[in-house]
$ cat input.pdb   # PDB, C-alpha atoms
ATOM      1  CA  MET A   1     -10.489  50.568 -10.486  1.00  0.00           C
ATOM      2  CA  ASP A   2     -13.516  49.426  -8.515  1.00  0.00           C
ATOM      3  CA  ALA A   3     -13.161  46.740  -5.823  1.00  0.00           C
ATOM      4  CA  ARG A   4     -14.775  44.064  -7.974  1.00  0.00           C
ATOM      5  CA  ARG A   5     -12.421  44.592 -10.921  1.00  0.00           C
ATOM      6  CA  GLU A   6      -9.408  44.737  -8.607  1.00  0.00           C
ATOM      7  CA  SER A   7     -10.242  41.355  -7.072  1.00  0.00           C
ATOM      8  CA  GLU A   8     -10.549  39.846 -10.550  1.00  0.00           C
ATOM      9  CA  THR A   9      -7.044  40.899 -11.549  1.00  0.00           C
ATOM     10  CA  ILE A  10      -5.213  39.769  -8.437  1.00  0.00           C
ATOM     11  CA  PRO A  11      -4.714  35.992  -8.393  1.00  0.00           C
ATOM     12  CA  THR A  12      -5.648  34.370  -5.111  1.00  0.00           C
ATOM     13  CA  LYS A  13      -3.820  31.418  -3.676  1.00  0.00           C
ATOM     14  CA  ASN A  14      -5.878  28.270  -3.565  1.00  0.00           C
ATOM     15  CA  ARG A  15      -6.318  26.796  -0.115  1.00  0.00           C
ATOM     16  CA  THR A  16      -6.140  23.152   0.855  1.00  0.00           C
ATOM     17  CA  THR A  17      -8.589  22.019   3.497  1.00  0.00           C
ATOM     18  CA  VAL A  18      -7.795  18.949   5.573  1.00  0.00           C
ATOM     19  CA  GLU A  19     -10.540  17.289   7.553  1.00  0.00           C
ATOM     20  CA  ARG A  20     -10.552  14.150   9.617  1.00  0.00           C
ATOM     21  CA  LYS A  21     -13.922  12.570   8.790  1.00  0.00           C
ATOM     22  CA  SER A  22     -13.628   9.639  11.203  1.00  0.00           C
ATOM     23  CA  GLU A  23     -11.035   7.718  13.197  1.00  0.00           C
ATOM     24  CA  ARG A  24      -9.794   6.197   9.928  1.00  0.00           C
ATOM     25  CA  GLU A  25     -10.594   8.694   7.148  1.00  0.00           C
ATOM     26  CA  LEU A  26      -8.812  11.882   6.110  1.00  0.00           C
ATOM     27  CA  VAL A  27     -10.163  14.182   3.358  1.00  0.00           C
ATOM     28  CA  LEU A  28      -8.162  16.904   1.574  1.00  0.00           C
ATOM     29  CA  THR A  29      -9.958  19.346  -0.730  1.00  0.00           C
ATOM     30  CA  ARG A  30      -8.457  21.900  -3.107  1.00  0.00           C
ATOM     31  CA  THR A  31      -9.547  23.835  -6.175  1.00  0.00           C
ATOM     32  CA  PHE A  32      -6.923  24.005  -8.922  1.00  0.00           C
ATOM     33  CA  ASN A  33      -6.734  26.623 -11.673  1.00  0.00           C
ATOM     34  CA  GLY A  34      -7.036  24.310 -14.628  1.00  0.00           C
ATOM     35  CA  PRO A  35      -9.473  21.886 -16.236  1.00  0.00           C
ATOM     36  CA  ALA A  36      -9.883  18.384 -14.792  1.00  0.00           C
ATOM     37  CA  ARG A  37      -8.335  16.832 -17.903  1.00  0.00           C
ATOM     38  CA  ILE A  38      -5.010  18.616 -17.302  1.00  0.00           C
ATOM     39  CA  VAL A  39      -5.039  18.144 -13.509  1.00  0.00           C
ATOM     40  CA  PHE A  40      -5.721  14.409 -14.020  1.00  0.00           C
ATOM     41  CA  GLU A  41      -2.811  14.207 -16.488  1.00  0.00           C
ATOM     42  CA  ALA A  42      -0.537  15.849 -13.894  1.00  0.00           C
ATOM     43  CA  TRP A  43      -1.453  12.996 -11.509  1.00  0.00           C
ATOM     44  CA  THR A  44      -0.939  10.197 -14.050  1.00  0.00           C
ATOM     45  CA  THR A  45       1.935  11.270 -16.331  1.00  0.00           C
ATOM     46  CA  PRO A  46       5.382  10.469 -14.879  1.00  0.00           C
ATOM     47  CA  GLU A  47       7.146  13.483 -16.442  1.00  0.00           C
ATOM     48  CA  LEU A  48       4.544  15.850 -14.950  1.00  0.00           C
ATOM     49  CA  LEU A  49       4.225  14.174 -11.556  1.00  0.00           C
ATOM     50  CA  LYS A  50       7.985  14.379 -11.046  1.00  0.00           C
ATOM     51  CA  ARG A  51       7.747  18.168 -11.380  1.00  0.00           C
ATOM     52  CA  TRP A  52       5.369  18.688  -8.434  1.00  0.00           C
ATOM     53  CA  TRP A  53       4.929  15.684  -6.161  1.00  0.00           C
ATOM     54  CA  ALA A  54       7.695  16.031  -3.500  1.00  0.00           C
ATOM     55  CA  PRO A  55       7.576  19.202  -1.343  1.00  0.00           C
ATOM     56  CA  LYS A  56      10.718  21.185  -2.206  1.00  0.00           C
ATOM     57  CA  SER A  57      11.230  22.487   1.347  1.00  0.00           C
ATOM     58  CA  SER A  58      11.580  18.907   2.646  1.00  0.00           C
ATOM     59  CA  GLY A  59      14.702  18.306   0.579  1.00  0.00           C
ATOM     60  CA  LEU A  60      13.036  15.202  -0.859  1.00  0.00           C
ATOM     61  CA  SER A  61      13.516  14.348  -4.504  1.00  0.00           C
ATOM     62  CA  LEU A  62      11.254  12.136  -6.553  1.00  0.00           C
ATOM     63  CA  LEU A  63      13.860   9.655  -7.791  1.00  0.00           C
ATOM     64  CA  SER A  64      11.514   7.507  -9.829  1.00  0.00           C
ATOM     65  CA  TRP A  65       7.859   6.985 -10.537  1.00  0.00           C
ATOM     66  CA  GLU A  66       6.688   3.960 -12.449  1.00  0.00           C
ATOM     67  CA  ALA A  67       3.007   3.467 -13.075  1.00  0.00           C
ATOM     68  CA  ASP A  68       0.705   1.337 -15.167  1.00  0.00           C
ATOM     69  CA  VAL A  69      -2.339   3.586 -14.734  1.00  0.00           C
ATOM     70  CA  ARG A  70      -5.161   1.136 -15.389  1.00  0.00           C
ATOM     71  CA  VAL A  71      -7.402  -1.037 -13.225  1.00  0.00           C
ATOM     72  CA  GLY A  72      -5.113  -3.723 -11.759  1.00  0.00           C
ATOM     73  CA  GLY A  73      -1.987  -1.832 -12.838  1.00  0.00           C
ATOM     74  CA  ARG A  74       0.781  -1.230 -10.308  1.00  0.00           C
ATOM     75  CA  TYR A  75       2.741   1.855  -9.319  1.00  0.00           C
ATOM     76  CA  ARG A  76       6.025   2.450  -7.495  1.00  0.00           C
ATOM     77  CA  VAL A  77       7.319   5.807  -6.237  1.00  0.00           C
ATOM     78  CA  VAL A  78      10.826   6.264  -4.827  1.00  0.00           C
ATOM     79  CA  LEU A  79      11.680   9.398  -2.858  1.00  0.00           C
ATOM     80  CA  GLY A  80      15.180  10.293  -1.708  1.00  0.00           C
ATOM     81  CA  HIS A  81      16.616  12.683   0.852  1.00  0.00           C
ATOM     82  CA  GLY A  82      20.356  13.300   0.591  1.00  0.00           C
ATOM     83  CA  ALA A  83      22.417  10.276   1.538  1.00  0.00           C
ATOM     84  CA  SER A  84      19.620   8.619   3.529  1.00  0.00           C
ATOM     85  CA  LYS A  85      18.010   5.419   2.335  1.00  0.00           C
ATOM     86  CA  PRO A  86      15.330   6.054  -0.321  1.00  0.00           C
ATOM     87  CA  MET A  87      11.674   5.594   0.663  1.00  0.00           C
ATOM     88  CA  GLU A  88       9.462   3.444  -1.543  1.00  0.00           C
ATOM     89  CA  PHE A  89       5.708   3.663  -1.914  1.00  0.00           C
ATOM     90  CA  PHE A  90       3.817   1.162  -4.029  1.00  0.00           C
ATOM     91  CA  GLY A  91       0.455  -0.403  -4.677  1.00  0.00           C
ATOM     92  CA  ARG A  92      -2.101  -1.008  -7.389  1.00  0.00           C
ATOM     93  CA  TYR A  93      -4.883   0.878  -9.088  1.00  0.00           C
ATOM     94  CA  LEU A  94      -8.403  -0.248  -8.182  1.00  0.00           C
ATOM     95  CA  GLU A  95     -10.258   2.322 -10.323  1.00  0.00           C
ATOM     96  CA  VAL A  96      -9.171   4.577 -13.170  1.00  0.00           C
ATOM     97  CA  THR A  97     -11.780   6.822 -14.766  1.00  0.00           C
ATOM     98  CA  PRO A  98      -9.928   9.278 -17.026  1.00  0.00           C
ATOM     99  CA  HIS A  99     -10.197  12.904 -15.970  1.00  0.00           C
ATOM    100  CA  SER A 100     -12.508  12.180 -13.026  1.00  0.00           C
ATOM    101  CA  ARG A 101     -11.391   9.460 -10.582  1.00  0.00           C
ATOM    102  CA  LEU A 102      -8.386   7.448  -9.380  1.00  0.00           C
ATOM    103  CA  VAL A 103      -8.383   4.846  -6.589  1.00  0.00           C
ATOM    104  CA  TRP A 104      -5.242   3.030  -5.468  1.00  0.00           C
ATOM    105  CA  THR A 105      -3.882   0.945  -2.641  1.00  0.00           C
ATOM    106  CA  ASN A 106      -0.833   1.845  -0.561  1.00  0.00           C
ATOM    107  CA  GLU A 107       0.896  -1.458   0.137  1.00  0.00           C
ATOM    108  CA  GLU A 108       4.284  -0.468   1.550  1.00  0.00           C
ATOM    109  CA  ALA A 109       2.963  -1.082   5.087  1.00  0.00           C
ATOM    110  CA  GLY A 110       1.871  -4.605   4.166  1.00  0.00           C
ATOM    111  CA  ASP A 111      -1.669  -5.735   3.471  1.00  0.00           C
ATOM    112  CA  ALA A 112      -3.072  -3.237   5.964  1.00  0.00           C
ATOM    113  CA  GLY A 113      -2.228  -0.086   4.006  1.00  0.00           C
ATOM    114  CA  GLN A 114      -4.609   2.732   3.234  1.00  0.00           C
ATOM    115  CA  VAL A 115      -6.756   3.176   0.138  1.00  0.00           C
ATOM    116  CA  THR A 116      -6.575   6.557  -1.611  1.00  0.00           C
ATOM    117  CA  THR A 117      -9.402   7.945  -3.746  1.00  0.00           C
ATOM    118  CA  VAL A 118      -8.936  11.137  -5.752  1.00  0.00           C
ATOM    119  CA  THR A 119     -11.796  12.765  -7.646  1.00  0.00           C
ATOM    120  CA  PHE A 120     -11.417  15.539 -10.213  1.00  0.00           C
ATOM    121  CA  GLU A 121     -14.546  17.644 -10.807  1.00  0.00           C
ATOM    122  CA  ASP A 122     -14.592  20.237 -13.576  1.00  0.00           C
ATOM    123  CA  LYS A 123     -15.873  23.584 -12.330  1.00  0.00           C
ATOM    124  CA  GLY A 124     -15.867  25.985 -15.269  1.00  0.00           C
ATOM    125  CA  GLY A 125     -12.221  25.560 -16.256  1.00  0.00           C
ATOM    126  CA  LYS A 126     -11.094  24.887 -12.683  1.00  0.00           C
ATOM    127  CA  THR A 127     -10.925  21.551 -10.904  1.00  0.00           C
ATOM    128  CA  LEU A 128     -12.305  20.657  -7.508  1.00  0.00           C
ATOM    129  CA  LEU A 129     -10.019  17.895  -6.272  1.00  0.00           C
ATOM    130  CA  VAL A 130     -11.036  15.729  -3.317  1.00  0.00           C
ATOM    131  CA  LEU A 131      -8.473  13.270  -1.951  1.00  0.00           C
ATOM    132  CA  ARG A 132      -9.779  10.696   0.533  1.00  0.00           C
ATOM    133  CA  GLU A 133      -7.521   8.334   2.428  1.00  0.00           C
ATOM    134  CA  LEU A 134      -9.031   5.446   4.344  1.00  0.00           C
ATOM    135  CA  TYR A 135      -6.574   3.944   6.826  1.00  0.00           C
ATOM    136  CA  PRO A 136      -6.748   0.472   8.388  1.00  0.00           C
ATOM    137  CA  SER A 137      -6.777   1.915  11.932  1.00  0.00           C
ATOM    138  CA  LYS A 138      -6.933   5.114  13.971  1.00  0.00           C
ATOM    139  CA  GLU A 139      -3.246   4.644  14.855  1.00  0.00           C
ATOM    140  CA  ALA A 140      -2.229   4.427  11.186  1.00  0.00           C
ATOM    141  CA  LEU A 141      -4.074   7.684  10.426  1.00  0.00           C
ATOM    142  CA  ASP A 142      -2.547   9.381  13.498  1.00  0.00           C
ATOM    143  CA  ALA A 143       0.947   8.433  12.284  1.00  0.00           C
ATOM    144  CA  ALA A 144       0.224   9.634   8.738  1.00  0.00           C
ATOM    145  CA  ILE A 145      -1.120  13.001   9.889  1.00  0.00           C
ATOM    146  CA  SER A 146       1.948  13.702  12.005  1.00  0.00           C
ATOM    147  CA  GLY A 147       4.151  13.096   8.959  1.00  0.00           C
ATOM    148  CA  MET A 148       2.245  15.257   6.483  1.00  0.00           C
ATOM    149  CA  GLU A 149       1.833  18.583   8.305  1.00  0.00           C
ATOM    150  CA  GLY A 150       2.210  21.316   5.695  1.00  0.00           C
ATOM    151  CA  GLY A 151       3.630  18.938   3.114  1.00  0.00           C
ATOM    152  CA  MET A 152       0.428  18.486   1.135  1.00  0.00           C
ATOM    153  CA  GLU A 153      -0.259  22.232   1.027  1.00  0.00           C
ATOM    154  CA  GLU A 154       3.204  22.837  -0.414  1.00  0.00           C
ATOM    155  CA  THR A 155       2.884  19.902  -2.812  1.00  0.00           C
ATOM    156  CA  PHE A 156      -0.466  21.211  -4.061  1.00  0.00           C
ATOM    157  CA  ASP A 157       1.034  24.718  -4.419  1.00  0.00           C
ATOM    158  CA  GLN A 158       3.695  23.145  -6.645  1.00  0.00           C
ATOM    159  CA  LEU A 159       0.956  21.525  -8.740  1.00  0.00           C
ATOM    160  CA  ASP A 160      -0.685  24.960  -9.110  1.00  0.00           C
ATOM    161  CA  GLU A 161       2.668  26.327 -10.346  1.00  0.00           C
ATOM    162  CA  LEU A 162       2.984  23.473 -12.848  1.00  0.00           C
ATOM    163  CA  LEU A 163      -0.520  24.154 -14.162  1.00  0.00           C
ATOM    164  CA  VAL A 164       0.530  27.745 -14.919  1.00  0.00           C
ATOM    165  CA  THR A 165       3.493  26.475 -16.984  1.00  0.00           C
ATOM    166  CA  LEU A 166       1.150  24.105 -18.841  1.00  0.00           C
ATOM    167  CA  GLY A 167      -1.105  27.044 -19.741  1.00  0.00           C
ATOM    168  CA  ALA A 168      -3.993  25.477 -17.833  1.00  0.00           C
ATOM    169  CA  ASN A 169      -5.222  28.613 -16.078  1.00  0.00           C
ATOM    170  CA  PRO A 170      -8.567  29.899 -17.304  1.00  0.00           C
TER     171      PRO A 170
END
$ encode --input "input.pdb" --output "structure tokens"
Amino acid sequence: MDARRESETIPTKNRTTVERKSERELVLTRTFNGPARIVFEAWTTPELLKRWWAPKSSGLSLLSWEADVRVGGRYRVVLGHGASKPMEFFGRYLEVTPHSRLVWTNEEAGDAGQVTTVTFEDKGGKTLLVLRELYPSKEALDAAISGMEGGMEETFDQLDELLVTLGANP
């Protein structure tokens, strides 16, 4: 088998890049092995999101996810860790463009929460996903970064695994 054919038959792990764009903005980029339509559905369908969102190694469980995925609609995510008090995350959707863009607020920290924008770009049966988080202050971003080390990579790996089970791989 020549080197080119060998590289085509061995699946490569997708890599998540994390870049701090400014004092207040964090950008995560990842290519997923599936079309944007299916990746978008995995972000907006409760039964699918529950299967990949919480990093397994953290011991967190996604206890509930309620969402009215439309402009002005609200969402609420509850994560649990053993006997400790569950953590709630909630906000509202500012933009919903099926299969290409989601924008929501994160209001659990009060009015000064971050705004998250996720874009889904079809790339020949794969999806380039860009997640941007704009925080109200440098300090808020610093605190968020310290809490997410490695967690997003694992979470996105779990989404890749889900896409395989959904038959999304090209």
$ closest_residue --input "input.pdb" --among "A:Phe40, A:Phe32, A:Trp65, A:Phe156" --to "A:Val96" --atoms "all atoms listed in the file"
A:Phe40
$ closest_residue --input "input.pdb" --among "A:Glu47, A:Glu161, A:Glu133, A:Glu41" --to "A:Thr97" --atoms "all atoms listed in the file"
A:Glu41
$ resolve_selection --input "input.pdb" --expression "the PyMOL selection byres ((chain A and resi 15-19) around 7)" --output "number ranges by chain"
A: 13-14, 20-21, 26-30, 153
$ resolve_selection --input "input.pdb" --expression "the PyMOL selection byres ((chain A and resi 73-81) around 6)" --output "ChimeraX atom specification"
/A:59-72,82,84,86-93
$ closest_residue --input "input.pdb" --among "A:Arg37, A:Lys56, A:His99, A:Lys50" --to "A:Asp157" --atoms "all atoms listed in the file"
A:Lys56
$ closest_residue --input "input.pdb" --among "A:Thr165, A:Gln114, A:Pro55, A:Val103" --to "A:Lys138" --atoms "only C-alpha atoms"
A:Gln114
$ resolve_selection --input "input.pdb" --expression "the PyMOL selection byres ((chain A and resi 162) around 10)" --output "list of chain:residue names"
A:Val39, A:Ala42, A:Leu48, A:Leu49, A:Arg51, A:Trp52, A:Phe156, A:Asp157, A:Gln158, A:Leu159, A:Asp160, A:Glu161, A:Leu163, A:Val164, A:Thr165, A:Leu166, A:Gly167, A:Ala168
$ atom_distance --input "input.pdb" --atom1 "atom CA of A:Met152" --atom2 "atom CA of A:Pro35"
20.3 Å
$ atom_distance --input "input.pdb" --atom1 "atom CA of A:Leu131" --atom2 "atom CA of A:Thr105"
13.2 Å
$ residues_around --input "input.pdb" --residues "A:Gly124" --least-positions-apart "6" --cutoff "10 Å" --atoms "only C-alpha atoms" --output "list in words"
Asn33, Gly34, Pro35, Ala36 and Pro170 of chain A
$ atom_distance --input "input.pdb" --atom1 "atom CA of A:Ser137" --atom2 "atom CA of A:Gly113"
9.4 Å
$ residues_around --input "input.pdb" --residues "A:Thr119" --least-positions-apart "5" --cutoff "7 Å" --atoms "all atoms listed in the file" --output "VMD selection string"
chain A and resid 100 to 102 129 to 131
$ closest_residue --input "input.pdb" --among "A:Lys85, A:Ile38, A:Thr155, A:Thr31" --to "A:Pro98" --atoms "all atoms listed in the file"
A:Ile38
$ closest_residue --input "input.pdb" --among "A:Thr44, A:Ser58, A:Trp104, A:Arg24" --to "A:Ala143" --atoms "only C-alpha atoms"
A:Arg24
